[in-house]
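Data from protein20.cif: mmCIF, C-alpha atoms
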data_entry
loop_
_atom_site.label_atom_id
_atom_site.label_comp_id
_atom_site.auth_asym_id
_atom_site.auth_seq_id
_atom_site.Cartn_x
_atom_site.Cartn_y
_atom_site.Cartn_z
CA MET Z 9 9.52 10.12 -59.27
CA ARG Z 10 8.23 11.41 -55.95
CA ALA Z 11 8.46 9.22 -52.85
CA VAL Z 12 5.71 7.59 -50.79
CA LEU Z 13 6.23 8.12 -47.05
CA SER Z 14 4.96 5.88 -44.27
CA ALA Z 15 4.06 7.43 -40.89
CA SER Z 16 4.39 4.93 -39.38
CA ARG Z 17 4.55 1.20 -38.86
CA ARG Z 18 6.76 1.84 -35.81
CA THR Z 19 4.56 4.13 -33.71
CA ASP Z 20 1.29 6.04 -33.89
CA ILE Z 21 2.32 9.42 -35.31
CA PRO Z 22 -1.20 10.79 -36.04
CA ALA Z 23 -2.31 10.11 -32.46
CA PHE Z 24 0.77 11.19 -30.47
CA TYR Z 25 3.32 12.94 -32.68
CA MET Z 26 1.49 15.50 -34.80
CA ARG Z 27 3.48 18.41 -33.37
CA TRP Z 28 6.62 16.44 -34.16
CA LEU Z 29 5.42 15.94 -37.74
CA GLU Z 30 4.42 19.59 -38.13
CA HIS Z 31 7.85 20.63 -36.84
CA HIS Z 32 9.69 18.47 -39.37
CA VAL Z 33 7.46 19.53 -42.24
CA GLN Z 34 8.52 23.11 -41.46
CA LYS Z 35 12.17 21.99 -41.49
CA GLY Z 36 11.65 20.18 -44.78
CA PHE Z 37 13.22 16.89 -43.71
CA VAL Z 38 13.50 14.34 -40.94
CA ASP Z 39 16.48 12.23 -39.91
CA VAL Z 40 15.27 8.72 -39.13
CA ARG Z 41 17.09 6.21 -36.95
CA ASN Z 42 17.87 2.96 -38.72
CA PRO Z 43 15.72 0.34 -36.93
CA VAL Z 44 18.44 -2.31 -37.21
CA VAL Z 45 21.67 -0.32 -36.87
CA LYS Z 46 20.61 2.28 -34.32
CA GLU Z 47 23.80 4.34 -34.67
CA ARG Z 48 22.89 5.15 -38.25
CA THR Z 49 20.28 7.56 -39.55
CA TYR Z 50 18.85 8.30 -42.96
CA ARG Z 51 17.40 11.60 -44.13
CA VAL Z 52 13.94 11.78 -45.68
CA SER Z 53 12.76 14.89 -47.49
CA LEU Z 54 9.44 16.35 -46.38
CA ARG Z 55 9.35 19.01 -49.07
CA PRO Z 56 6.02 18.74 -50.87
CA GLU Z 57 7.72 18.62 -54.26
CA ASP Z 58 9.53 15.43 -53.16
CA VAL Z 59 6.54 13.63 -51.63
CA HIS Z 60 3.96 11.67 -53.60
CA THR Z 61 1.71 10.58 -50.70
CA ILE Z 62 2.02 10.30 -46.94
CA VAL Z 63 0.46 7.06 -45.70
CA LEU Z 64 -0.69 7.44 -42.11
CA TRP Z 65 -1.20 4.50 -39.71
CA SER Z 66 -3.25 5.09 -36.57
CA LYS Z 67 -5.88 4.03 -34.05
CA ASN Z 68 -6.77 7.69 -33.41
CA PHE Z 69 -6.78 10.27 -36.20
CA ARG Z 70 -8.32 13.07 -34.12
CA PRO Z 71 -5.04 15.00 -33.57
CA PHE Z 72 -4.36 14.77 -37.32
CA LEU Z 73 -7.89 15.87 -38.22
CA ASP Z 74 -7.55 18.87 -35.90
CA SER Z 75 -4.08 19.77 -37.19
CA PRO Z 76 -3.60 22.65 -39.65
CA LEU Z 77 -1.48 20.23 -41.66
CA SER Z 78 -4.58 18.18 -42.50
CA ARG Z 79 -6.28 21.28 -43.92
CA SER Z 80 -3.41 22.43 -46.09
CA ASN Z 81 -3.01 21.25 -49.65
CA GLN Z 82 0.72 20.55 -49.31
CA PHE Z 83 0.38 16.76 -49.27
CA ARG Z 84 -1.75 13.89 -50.42
CA TRP Z 85 -2.81 11.51 -47.64
CA TYR Z 86 -3.83 7.89 -47.34
CA PHE Z 87 -5.14 6.31 -44.13
CA ASN Z 88 -4.51 2.89 -42.62
CA PHE Z 89 -7.05 2.93 -39.78
CA SER Z 90 -6.55 0.09 -37.27
CA LEU Z 91 -9.99 -0.51 -35.82
CA VAL Z 92 -11.06 -3.41 -33.62
CA ASP Z 93 -13.29 -3.41 -30.55
CA CYS Z 94 -11.09 -4.97 -27.87
CA PRO Z 95 -10.64 -2.76 -24.77
CA GLU Z 96 -9.14 -5.66 -22.80
CA TRP Z 97 -6.06 -5.52 -25.01
CA GLU Z 98 -6.07 -1.81 -25.91
CA PRO Z 99 -6.31 0.10 -22.59
CA GLY Z 100 -5.32 3.48 -24.00
CA VAL Z 101 -7.43 3.48 -27.17
CA LEU Z 102 -10.41 5.83 -27.47
CA PRO Z 103 -13.96 4.48 -27.14
CA LEU Z 104 -15.33 2.95 -30.32
CA PRO Z 105 -17.99 5.65 -31.01
CA GLU Z 106 -15.31 8.36 -31.21
CA ARG Z 107 -13.19 6.32 -33.60
CA LYS Z 108 -16.23 5.70 -35.81
CA LYS Z 109 -16.79 9.47 -35.94
CA GLN Z 110 -13.24 9.80 -37.25
CA ILE Z 111 -13.92 7.26 -40.00
CA ALA Z 112 -16.96 9.28 -41.05
CA GLU Z 113 -14.94 12.51 -41.10
CA LEU Z 114 -12.11 10.95 -43.12
CA CYS Z 115 -14.64 9.68 -45.64
CA GLU Z 116 -16.23 13.11 -45.90
CA ARG Z 117 -13.04 15.16 -46.14
CA TRP Z 118 -11.23 12.74 -48.47
CA SER Z 119 -13.14 9.66 -49.65
CA PRO Z 120 -13.84 6.06 -48.58
CA ARG Z 121 -11.21 4.93 -51.11
CA HIS Z 122 -8.57 6.78 -49.10
CA ILE Z 123 -9.14 4.42 -46.16
CA ASN Z 124 -7.83 0.92 -45.59
CA TRP Z 125 -9.60 -0.57 -42.58
CA ARG Z 126 -7.14 -2.72 -40.65
CA PHE Z 127 -8.95 -5.29 -38.49
CA ASP Z 128 -5.64 -5.90 -36.83
CA PRO Z 129 -4.73 -7.91 -34.93
CA ILE Z 130 -7.13 -10.77 -34.44
CA VAL Z 131 -6.55 -11.92 -30.85
CA TYR Z 132 -7.54 -15.12 -29.05
CA TRP Z 133 -7.04 -15.63 -25.33
CA ASP Z 134 -8.09 -17.75 -22.35
CA ASN Z 135 -7.52 -21.11 -24.09
CA GLY Z 136 -9.24 -19.83 -27.19
CA ASP Z 137 -12.56 -19.28 -25.42
CA LYS Z 138 -12.39 -15.54 -26.08
CA ASN Z 139 -11.48 -13.47 -29.13
CA ASN Z 140 -12.14 -10.07 -30.62
CA LEU Z 141 -13.96 -11.37 -33.70
CA VAL Z 142 -17.26 -10.74 -31.97
CA GLY Z 143 -16.98 -7.08 -32.98
CA PHE Z 144 -16.33 -7.79 -36.67
CA PRO Z 145 -19.95 -7.98 -37.95
CA ALA Z 146 -21.01 -4.60 -36.55
CA LEU Z 147 -17.82 -2.93 -37.78
CA CYS Z 148 -18.31 -4.55 -41.18
CA ASP Z 149 -21.81 -3.09 -41.38
CA PHE Z 150 -20.55 0.35 -40.37
CA MET Z 151 -17.68 0.36 -42.89
CA ALA Z 152 -19.95 -0.81 -45.68
CA GLU Z 153 -22.42 1.96 -44.85
CA LYS Z 154 -19.61 4.53 -45.11
CA GLY Z 155 -18.40 3.08 -48.40
CA VAL Z 156 -15.06 1.68 -47.19
CA ARG Z 157 -14.26 -1.31 -49.41
CA ARG Z 158 -10.92 -2.65 -48.12
CA CYS Z 159 -10.22 -4.57 -44.92
CA THR Z 160 -6.77 -5.92 -44.06
CA PHE Z 161 -6.35 -8.36 -41.19
CA SER Z 162 -3.64 -10.27 -39.36
CA PHE Z 163 -3.45 -12.59 -36.40
CA VAL Z 164 -1.34 -11.43 -33.49
CA THR Z 165 2.25 -12.68 -33.38
CA TRP Z 166 3.18 -13.72 -29.85
CA TYR Z 167 6.70 -12.35 -29.55
CA ASN Z 168 8.55 -13.21 -26.34
CA LYS Z 169 8.37 -9.62 -25.10
CA ILE Z 170 4.58 -9.77 -25.39
CA LYS Z 171 4.45 -12.99 -23.37
CA ILE Z 172 6.59 -11.36 -20.68
CA ARG Z 173 4.34 -8.29 -20.68
CA LEU Z 174 1.25 -10.44 -20.19
CA LYS Z 175 2.64 -11.97 -17.00
CA GLU Z 176 1.66 -8.72 -15.28
CA THR Z 177 -1.99 -9.13 -16.38
CA SER Z 178 -4.76 -11.69 -15.96
CA LEU Z 179 -4.89 -12.31 -19.72
CA LYS Z 180 -3.58 -15.62 -21.06
CA PHE Z 181 -2.51 -15.62 -24.69
CA TYR Z 182 -3.66 -18.36 -27.03
CA ASP Z 183 -2.32 -19.13 -30.50
CA PRO Z 184 -5.01 -20.83 -32.59
CA SER Z 185 -4.07 -23.59 -35.00
CA LEU Z 186 -3.97 -22.95 -38.73
CA ASN Z 187 -7.25 -24.80 -39.16
CA GLN Z 188 -8.90 -22.63 -36.50
CA LYS Z 189 -7.67 -19.53 -38.30
CA LEU Z 190 -8.92 -20.79 -41.65
CA ASP Z 191 -12.36 -21.56 -40.21
CA ALA Z 192 -12.61 -18.08 -38.71
CA LEU Z 193 -11.49 -16.49 -41.96
CA GLY Z 194 -14.08 -18.40 -43.97
CA TRP Z 195 -16.75 -16.79 -41.80
CA MET Z 196 -15.13 -13.35 -42.11
CA ALA Z 197 -14.75 -13.68 -45.89
CA GLU Z 198 -18.44 -14.52 -46.36
CA MET Z 199 -19.45 -11.57 -44.21
CA ALA Z 200 -17.14 -9.16 -46.02
CA LYS Z 201 -18.20 -10.37 -49.48
CA ALA Z 202 -21.87 -9.83 -48.64
CA ARG Z 203 -21.01 -6.20 -47.89
CA ASN Z 204 -18.78 -5.69 -50.94
CA ILE Z 205 -15.64 -5.38 -48.80
CA ALA Z 206 -12.37 -6.90 -50.05
CA LEU Z 207 -10.66 -8.94 -47.33
CA GLU Z 208 -6.86 -9.03 -47.47
CA SER Z 209 -4.27 -10.92 -45.44
CA CYS Z 210 -1.33 -8.97 -44.02
CA CYS Z 211 1.95 -10.89 -44.24
CA ASN Z 212 0.62 -14.46 -44.18
CA ASP Z 213 0.24 -16.19 -47.54
CA ALA Z 214 -0.76 -19.45 -45.81
CA LEU Z 215 -4.17 -17.88 -45.28
CA LEU Z 216 -4.78 -17.16 -48.96
CA LYS Z 217 -6.22 -20.64 -49.47
CA VAL Z 218 -9.49 -19.30 -48.04
CA GLU Z 219 -11.77 -18.28 -50.90
CA GLY Z 220 -12.28 -14.54 -51.05
CA ILE Z 221 -9.02 -13.54 -49.34
CA ALA Z 222 -6.26 -11.74 -51.25
CA ARG Z 223 -2.73 -10.70 -50.38
CA GLY Z 224 -2.71 -7.45 -48.43
CA ARG Z 225 -1.14 -4.24 -49.65
CA CYS Z 226 -1.45 -1.56 -46.97
CA ILE Z 227 0.75 0.61 -49.18
CA HIS Z 228 -0.58 -0.05 -52.67
CA SER Z 229 1.19 1.79 -55.49
CA ALA Z 230 -1.55 1.25 -58.07
CA LEU Z 231 -4.23 2.67 -55.77
CA LEU Z 232 -2.07 5.58 -54.60
CA SER Z 233 -1.21 6.40 -58.20
CA GLU Z 234 -4.88 6.35 -59.18
CA LEU Z 235 -5.95 8.52 -56.25
CA ALA Z 236 -3.19 11.04 -56.96
CA GLY Z 237 -3.38 11.01 -60.74
CA GLU Z 238 0.38 10.58 -60.70
CA PRO Z 239 2.48 7.38 -60.76
CA CYS Z 240 4.63 6.25 -57.84
CA SER Z 241 7.10 3.41 -57.49
CA GLN Z 242 5.65 -0.04 -58.10
CA ALA Z 243 8.68 -1.80 -56.60
CA ARG Z 244 8.01 -4.20 -53.75
CA ASP Z 245 9.18 -2.99 -50.33
CA SER Z 246 12.05 -5.42 -49.74
CA SER Z 247 12.52 -4.19 -46.16
CA GLN Z 248 9.23 -5.80 -45.08
CA ARG Z 249 8.43 -9.43 -44.26
CA LYS Z 250 8.45 -12.05 -47.02
CA ASP Z 251 4.67 -12.24 -47.42
CA CYS Z 252 4.12 -8.48 -47.29
CA GLY Z 253 2.57 -7.15 -50.50
CA CYS Z 254 3.33 -3.48 -49.84
CA THR Z 255 5.14 -1.36 -52.35
CA LYS Z 256 8.14 0.81 -51.61
CA SER Z 257 7.97 3.65 -49.09
CA SER Z 258 10.21 5.46 -46.61
CA ASP Z 259 9.11 5.10 -42.99
CA ILE Z 260 9.73 8.25 -40.96
CA GLY Z 261 8.87 6.87 -37.51
CA GLY Z 262 11.09 5.24 -34.92
CA TYR Z 263 10.75 2.50 -32.32
CA GLN Z 264 12.16 4.93 -29.74
CA MET Z 265 8.91 6.92 -30.13
CA SER Z 266 6.81 5.21 -27.47
CA CYS Z 267 3.07 4.72 -27.95
CA PRO Z 268 0.68 5.45 -25.05
CA HIS Z 269 -2.14 3.38 -26.52
CA GLY Z 270 -0.50 0.71 -24.35
CA CYS Z 271 -1.77 -2.21 -26.43
CA LEU Z 272 -0.74 -5.42 -24.71
CA TYR Z 273 -0.07 -7.24 -27.99
CA CYS Z 274 2.18 -4.49 -29.40
CA TYR Z 275 5.45 -5.49 -31.10
CA ALA Z 276 6.87 -1.95 -30.85
CA LYS Z 277 7.18 0.19 -27.69
CA PRO Z 278 3.88 0.54 -25.84
CA VAL Z 279 3.75 2.44 -22.55
CA SER Z 280 1.03 3.19 -20.04
CA PRO Z 281 -1.14 6.11 -21.15
CA ARG Z 282 -0.86 7.46 -17.59
CA LYS Z 283 2.93 7.57 -17.40
CA THR Z 284 4.26 9.49 -20.36
CA ASP Z 285 4.11 12.58 -22.51
CA PRO Z 286 5.33 11.27 -25.87
CA ILE Z 287 6.01 14.67 -27.42
CA PRO Z 288 9.77 15.34 -27.54
CA LYS Z 289 10.17 18.42 -25.36
CA SER Z 290 13.13 19.64 -27.38
CA ILE Z 291 10.82 20.63 -30.26
CA VAL Z 292 7.73 21.88 -28.43
#
Can the structure in the file be given as structure tokens, please?
Amino acid sequence: MRAVLSASRRTDIPAFYMRWLEHHVQKGFVDVRNPVVKERTYRVSLRPEDVHTIVLWSKNFRPFLDSPLSRSNQFRWYFNFSLVDCPEWEPGVLPLPERKKQIAELCERWSPRHINWRFDPIVYWDNGDKNNLVGFPALCDFMAEKGVRRCTFSFVTWYNKIKIRLKETSLKFYDPSLNQKLDALGWMAEMAKARNIALESCCNDALLKVEGIARGRCIHSALLSELAGEPCSQARDSSQRKDCGCTKSSDIGGYQMSCPHGCLYCYAKPVSPRKTDPIPKSIV
């Protein structure tokens, strides 16, 4: 059975590492650093005959869309598109109109079913007086118009390194109570249902008590199998968090691959978009 690849939960490969991906596709494999035991690596085949689907995660698919790799028929693709309207927290992310153009192009070149819209993360700040939910209705309307029928969400997790990072900004993080989250999700669920969009929770089963919310599966074997006309592994991905509903895949990214989106809530390795060229010079 061919493998599903994830590219990547650990960095934004479509936005910043397309040349890296093209290089390794030509090689036929990539050696990936173990995220826990950094001295170890594991090899993942990139030969088309070994790959079922490559699941891409990104806030900016333009470099992928412009890449020759996207126009070849070597691989099947699936797209987890993280799309919120929150420039305060995402200083390096493209303006919303450009990202909406990318959604339209992905729908046209593949199909709306190939896209999982990730409204991720939901962020509250300034004692809860501000949040990025204000942009949800307009985005919901846009996605429904394009035919996208899945939306996965999560609330930001305030890791210590994020709190330290925020000390250099004027933003003050706020962690809403469970009841506040449930109230907000009730509103989101009604809005999504009215537009025939399935709303799914990423890695938090405590939120499933809200009517209309299902467990999220950003990598969904049944859907990928249907889109491809070929089965893939239905095993749960045991390397993910307890409440994650994703099925098995091999992630080919690495936390050492910094991300110039510079999102202030990032759990990985964000850097200022003005201070880095993320393309490894050894392969360019």
With 9 Å as the cut-off and only C-alpha atoms counted, what is the closest atom pair between each nearby residue of stretch 221-270 of chain Z and stretch 43-52 of chain Z? Distances in Å to one decimal, ordered by chain and number, as JSON lines.
{"residue": "Z:Ser258", "atom": "CA", "partner": "Z:Val52", "partner_atom": "CA", "distance": 7.4}
{"residue": "Z:Asp259", "atom": "CA", "partner": "Z:Val52", "partner_atom": "CA", "distance": 8.7}
{"residue": "Z:Ile260", "atom": "CA", "partner": "Z:Val52", "partner_atom": "CA", "distance": 7.2}
{"residue": "Z:Gly262", "atom": "CA", "partner": "Z:Pro43", "partner_atom": "CA", "distance": 7.0}
{"residue": "Z:Tyr263", "atom": "CA", "partner": "Z:Pro43", "partner_atom": "CA", "distance": 7.1}
Selection above as a file: C-alpha atoms, as a compact mmCIF listing (two decimals), in the frame of the given file:
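Saved the output as part-v9.txt:
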# COMPACT_ATOMS: atom_id res chain seq x y z
CA SER Z 258 10.21 5.46 -46.61
CA ASP Z 259 9.11 5.10 -42.99
CA ILE Z 260 9.73 8.25 -40.96
CA GLY Z 262 11.09 5.24 -34.92
CA TYR Z 263 10.75 2.50 -32.32
**Request:** Scan for residues within 12 Å of the point (-8.2, 6.5, -30.8) in the coordinates of the file, using all atoms listed in the file, and reply as an MDAnalysis selection string.
**Result:** chainID Z and resid 20:24 65:73 89:93 95 98:111 267:271 281
Review point. When the PyMOL selection byres ((chain Z and resi 165) around 9) is applied to the file above, which residues end up in the set, as a PyMOL selection string?
Key: chain Z and resi 129+162-164+166-167+170+183+273+275
Distance in Å - atom CA of Z:Ser16 versus atom CA of Z:Leu64 =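 Answer for the atom CA of Z:Ser16 to atom CA of Z:Leu64 separation: 6.3 Å.
Distance-wise, atom CA of Z:Lys171 and atom CA of Z:Val279 end up 15.5 Å apart.
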Which residues, written as a ChimeraX atom specification, have at least one atom at most 8 Å from Z:Pro56, with only C-alpha atoms counted and residues fewer than 3 positions away on the same chain left out? /Z:59-60,82-83
Straight-line distance linking atom CA of Z:Gly261 with atom CA of Z:Glu234, stated in Å to one decimal: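 Between atom CA of Z:Gly261 and atom CA of Z:Glu234 the gap works out to 25.7 Å.
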Applied to the shown file, which residues does the PyMOL selection byres ((chain Z and resi 115) around 12) return, written as a JSON list (two decimals) with C-alpha atoms, in the coordinates of the input?
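Saved as out_11.json:
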[["chain", "number", "residue", "atom", "x", "y", "z"],
["Z", 73, "LEU", "CA", -7.89, 15.87, -38.22],
["Z", 86, "TYR", "CA", -3.83, 7.89, -47.34],
["Z", 87, "PHE", "CA", -5.14, 6.31, -44.13],
["Z", 89, "PHE", "CA", -7.05, 2.93, -39.78],
["Z", 108, "LYS", "CA", -16.23, 5.70, -35.81],
["Z", 109, "LYS", "CA", -16.79, 9.47, -35.94],
["Z", 110, "GLN", "CA", -13.24, 9.80, -37.25],
["Z", 111, "ILE", "CA", -13.92, 7.26, -40.00],
["Z", 112, "ALA", "CA", -16.96, 9.28, -41.05],
["Z", 113, "GLU", "CA", -14.94, 12.51, -41.10],
["Z", 114, "LEU", "CA", -12.11, 10.95, -43.12],
["Z", 116, "GLU", "CA", -16.23, 13.11, -45.90],
["Z", 117, "ARG", "CA", -13.04, 15.16, -46.14],
["Z", 118, "TRP", "CA", -11.23, 12.74, -48.47],
["Z", 119, "SER", "CA", -13.14, 9.66, -49.65],
["Z", 120, "PRO", "CA", -13.84, 6.06, -48.58],
["Z", 121, "ARG", "CA", -11.21, 4.93, -51.11],
["Z", 122, "HIS", "CA", -8.57, 6.78, -49.10],
["Z", 123, "ILE", "CA", -9.14, 4.42, -46.16],
["Z", 124, "ASN", "CA", -7.83, 0.92, -45.59],
["Z", 125, "TRP", "CA", -9.60, -0.57, -42.58],
["Z", 151, "MET", "CA", -17.68, 0.36, -42.89],
["Z", 152, "ALA", "CA", -19.95, -0.81, -45.68],
["Z", 153, "GLU", "CA", -22.42, 1.96, -44.85],
["Z", 154, "LYS", "CA", -19.61, 4.53, -45.11],
["Z", 155, "GLY", "CA", -18.40, 3.08, -48.40],
["Z", 156, "VAL", "CA", -15.06, 1.68, -47.19],
["Z", 157, "ARG", "CA", -14.26, -1.31, -49.41]]
Report as a PDB file with C-alpha atoms, in the frame of the given file the full result of the PyMOL selection byres ((chain Z and resi 238-251) around 12) when it is applied to this structure.
ATOM      1  CA  MET Z   9       9.520  10.120 -59.270  1.00  0.00           C
ATOM      2  CA  ARG Z  10       8.230  11.410 -55.950  1.00  0.00           C
ATOM      3  CA  ALA Z  11       8.460   9.220 -52.850  1.00  0.00           C
ATOM      4  CA  VAL Z  12       5.710   7.590 -50.790  1.00  0.00           C
ATOM      5  CA  LEU Z  13       6.230   8.120 -47.050  1.00  0.00           C
ATOM      6  CA  SER Z  14       4.960   5.880 -44.270  1.00  0.00           C
ATOM      7  CA  ARG Z  17       4.550   1.200 -38.860  1.00  0.00           C
ATOM      8  CA  ASN Z  42      17.870   2.960 -38.720  1.00  0.00           C
ATOM      9  CA  PRO Z  43      15.720   0.340 -36.930  1.00  0.00           C
ATOM     10  CA  VAL Z  44      18.440  -2.310 -37.210  1.00  0.00           C
ATOM     11  CA  ASP Z  58       9.530  15.430 -53.160  1.00  0.00           C
ATOM     12  CA  VAL Z  59       6.540  13.630 -51.630  1.00  0.00           C
ATOM     13  CA  HIS Z  60       3.960  11.670 -53.600  1.00  0.00           C
ATOM     14  CA  THR Z  61       1.710  10.580 -50.700  1.00  0.00           C
ATOM     15  CA  ILE Z  62       2.020  10.300 -46.940  1.00  0.00           C
ATOM     16  CA  ARG Z  84      -1.750  13.890 -50.420  1.00  0.00           C
ATOM     17  CA  SER Z 162      -3.640 -10.270 -39.360  1.00  0.00           C
ATOM     18  CA  GLU Z 208      -6.860  -9.030 -47.470  1.00  0.00           C
ATOM     19  CA  SER Z 209      -4.270 -10.920 -45.440  1.00  0.00           C
ATOM     20  CA  CYS Z 210      -1.330  -8.970 -44.020  1.00  0.00           C
ATOM     21  CA  CYS Z 211       1.950 -10.890 -44.240  1.00  0.00           C
ATOM     22  CA  ASN Z 212       0.620 -14.460 -44.180  1.00  0.00           C
ATOM     23  CA  ASP Z 213       0.240 -16.190 -47.540  1.00  0.00           C
ATOM     24  CA  ALA Z 214      -0.760 -19.450 -45.810  1.00  0.00           C
ATOM     25  CA  LEU Z 215      -4.170 -17.880 -45.280  1.00  0.00           C
ATOM     26  CA  LEU Z 216      -4.780 -17.160 -48.960  1.00  0.00           C
ATOM     27  CA  ALA Z 222      -6.260 -11.740 -51.250  1.00  0.00           C
ATOM     28  CA  ARG Z 223      -2.730 -10.700 -50.380  1.00  0.00           C
ATOM     29  CA  GLY Z 224      -2.710  -7.450 -48.430  1.00  0.00           C
ATOM     30  CA  ARG Z 225      -1.140  -4.240 -49.650  1.00  0.00           C
ATOM     31  CA  CYS Z 226      -1.450  -1.560 -46.970  1.00  0.00           C
ATOM     32  CA  ILE Z 227       0.750   0.610 -49.180  1.00  0.00           C
ATOM     33  CA  HIS Z 228      -0.580  -0.050 -52.670  1.00  0.00           C
ATOM     34  CA  SER Z 229       1.190   1.790 -55.490  1.00  0.00           C
ATOM     35  CA  ALA Z 230      -1.550   1.250 -58.070  1.00  0.00           C
ATOM     36  CA  LEU Z 231      -4.230   2.670 -55.770  1.00  0.00           C
ATOM     37  CA  LEU Z 232      -2.070   5.580 -54.600  1.00  0.00           C
ATOM     38  CA  SER Z 233      -1.210   6.400 -58.200  1.00  0.00           C
ATOM     39  CA  GLU Z 234      -4.880   6.350 -59.180  1.00  0.00           C
ATOM     40  CA  LEU Z 235      -5.950   8.520 -56.250  1.00  0.00           C
ATOM     41  CA  ALA Z 236      -3.190  11.040 -56.960  1.00  0.00           C
ATOM     42  CA  GLY Z 237      -3.380  11.010 -60.740  1.00  0.00           C
ATOM     43  CA  CYS Z 252       4.120  -8.480 -47.290  1.00  0.00           C
ATOM     44  CA  GLY Z 253       2.570  -7.150 -50.500  1.00  0.00           C
ATOM     45  CA  CYS Z 254       3.330  -3.480 -49.840  1.00  0.00           C
ATOM     46  CA  THR Z 255       5.140  -1.360 -52.350  1.00  0.00           C
ATOM     47  CA  LYS Z 256       8.140   0.810 -51.610  1.00  0.00           C
ATOM     48  CA  SER Z 257       7.970   3.650 -49.090  1.00  0.00           C
ATOM     49  CA  SER Z 258      10.210   5.460 -46.610  1.00  0.00           C
ATOM     50  CA  ASP Z 259       9.110   5.100 -42.990  1.00  0.00           C
TER      51      ASP Z 259
END
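Minimum atom-to-atom distance to Z:Leu54, evaluated using only C-alpha atoms, belongs to Z:Val33 out of Z:Val40, Z:Leu179, Z:Val33, Z:Leu272.
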- Surrounding residues of Z:Gly220 excluding itself and chain neighbours under 5 positions, 9 Å, all atoms listed in the file, as a ChimeraX atom specification: /Z:194,197-198,200-201,206-208
Six-sided padding of 8 Å per side, axis-aligned box over stretch 57-67 of chain Z, centre and edges in Å, one decimal, as AutoDock Vina command-line options:
--center_x 1.8 --center_y 11.3 --center_z -44.2 --size_x 31.4 --size_y 30.6 --size_z 36.2
Next item on the list: May I ask which of the residues Z:Lys138, Z:Tyr132, Z:Ile205, Z:Glu30 is the closest one to Z:Pro184, counting only C-alpha atoms?
Entry: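 Of the candidates, the smallest distance to Z:Pro184 is held by Z:Tyr132.
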Min atom-atom distance to Z:Trp195 from the set Z:Pro278, Z:Tyr182, Z:Glu219, Z:Trp133, counting only C-alpha atoms, belongs to Z:Glu219
Using the atoms already present, construct N, CA and C atoms for stretch 33-47 of chain Z and hand them back as a PDB file, in the frame of the given file.
ATOM      1  N   VAL Z  33       7.936  19.007 -40.954  1.00  0.00           N
ATOM      2  CA  VAL Z  33       7.460  19.530 -42.240  1.00  0.00           C
ATOM      3  C   VAL Z  33       7.979  20.950 -42.434  1.00  0.00           C
ATOM      4  N   GLN Z  34       7.979  21.750 -41.372  1.00  0.00           N
ATOM      5  CA  GLN Z  34       8.520  23.110 -41.460  1.00  0.00           C
ATOM      6  C   GLN Z  34      10.014  23.087 -41.775  1.00  0.00           C
ATOM      7  N   LYS Z  35      10.744  22.125 -41.202  1.00  0.00           N
ATOM      8  CA  LYS Z  35      12.170  21.990 -41.490  1.00  0.00           C
ATOM      9  C   LYS Z  35      12.428  21.517 -42.913  1.00  0.00           C
ATOM     10  N   GLY Z  36      11.496  20.704 -43.435  1.00  0.00           N
ATOM     11  CA  GLY Z  36      11.650  20.180 -44.780  1.00  0.00           C
ATOM     12  C   GLY Z  36      12.294  18.818 -44.859  1.00  0.00           C
ATOM     13  N   PHE Z  37      12.614  18.229 -43.722  1.00  0.00           N
ATOM     14  CA  PHE Z  37      13.220  16.890 -43.710  1.00  0.00           C
ATOM     15  C   PHE Z  37      13.128  16.303 -42.313  1.00  0.00           C
ATOM     16  N   VAL Z  38      13.389  15.007 -42.225  1.00  0.00           N
ATOM     17  CA  VAL Z  38      13.500  14.340 -40.940  1.00  0.00           C
ATOM     18  C   VAL Z  38      14.623  13.308 -41.035  1.00  0.00           C
ATOM     19  N   ASP Z  39      15.444  13.242 -40.007  1.00  0.00           N
ATOM     20  CA  ASP Z  39      16.480  12.230 -39.910  1.00  0.00           C
ATOM     21  C   ASP Z  39      15.946  11.055 -39.102  1.00  0.00           C
ATOM     22  N   VAL Z  40      15.909   9.891 -39.710  1.00  0.00           N
ATOM     23  CA  VAL Z  40      15.270   8.720 -39.130  1.00  0.00           C
ATOM     24  C   VAL Z  40      16.325   7.721 -38.680  1.00  0.00           C
ATOM     25  N   ARG Z  41      16.161   7.208 -37.473  1.00  0.00           N
ATOM     26  CA  ARG Z  41      17.090   6.210 -36.950  1.00  0.00           C
ATOM     27  C   ARG Z  41      16.861   4.874 -37.658  1.00  0.00           C
ATOM     28  N   ASN Z  42      17.954   4.276 -38.117  1.00  0.00           N
ATOM     29  CA  ASN Z  42      17.870   2.960 -38.720  1.00  0.00           C
ATOM     30  C   ASN Z  42      17.362   1.965 -37.679  1.00  0.00           C
ATOM     31  N   PRO Z  43      16.281   1.222 -37.957  1.00  0.00           N
ATOM     32  CA  PRO Z  43      15.720   0.340 -36.930  1.00  0.00           C
ATOM     33  C   PRO Z  43      16.586  -0.857 -36.595  1.00  0.00           C
ATOM     34  N   VAL Z  44      17.559  -1.167 -37.442  1.00  0.00           N
ATOM     35  CA  VAL Z  44      18.440  -2.310 -37.210  1.00  0.00           C
ATOM     36  C   VAL Z  44      19.777  -1.855 -36.648  1.00  0.00           C
ATOM     37  N   VAL Z  45      20.392  -0.883 -37.325  1.00  0.00           N
ATOM     38  CA  VAL Z  45      21.670  -0.320 -36.870  1.00  0.00           C
ATOM     39  C   VAL Z  45      21.373   1.047 -36.277  1.00  0.00           C
ATOM     40  N   LYS Z  46      21.157   1.085 -34.959  1.00  0.00           N
ATOM     41  CA  LYS Z  46      20.610   2.280 -34.320  1.00  0.00           C
ATOM     42  C   LYS Z  46      21.566   3.474 -34.353  1.00  0.00           C
ATOM     43  N   GLU Z  47      22.845   3.235 -34.602  1.00  0.00           N
ATOM     44  CA  GLU Z  47      23.800   4.340 -34.670  1.00  0.00           C
ATOM     45  C   GLU Z  47      23.705   5.089 -35.989  1.00  0.00           C
TER      46      GLU Z  47
END
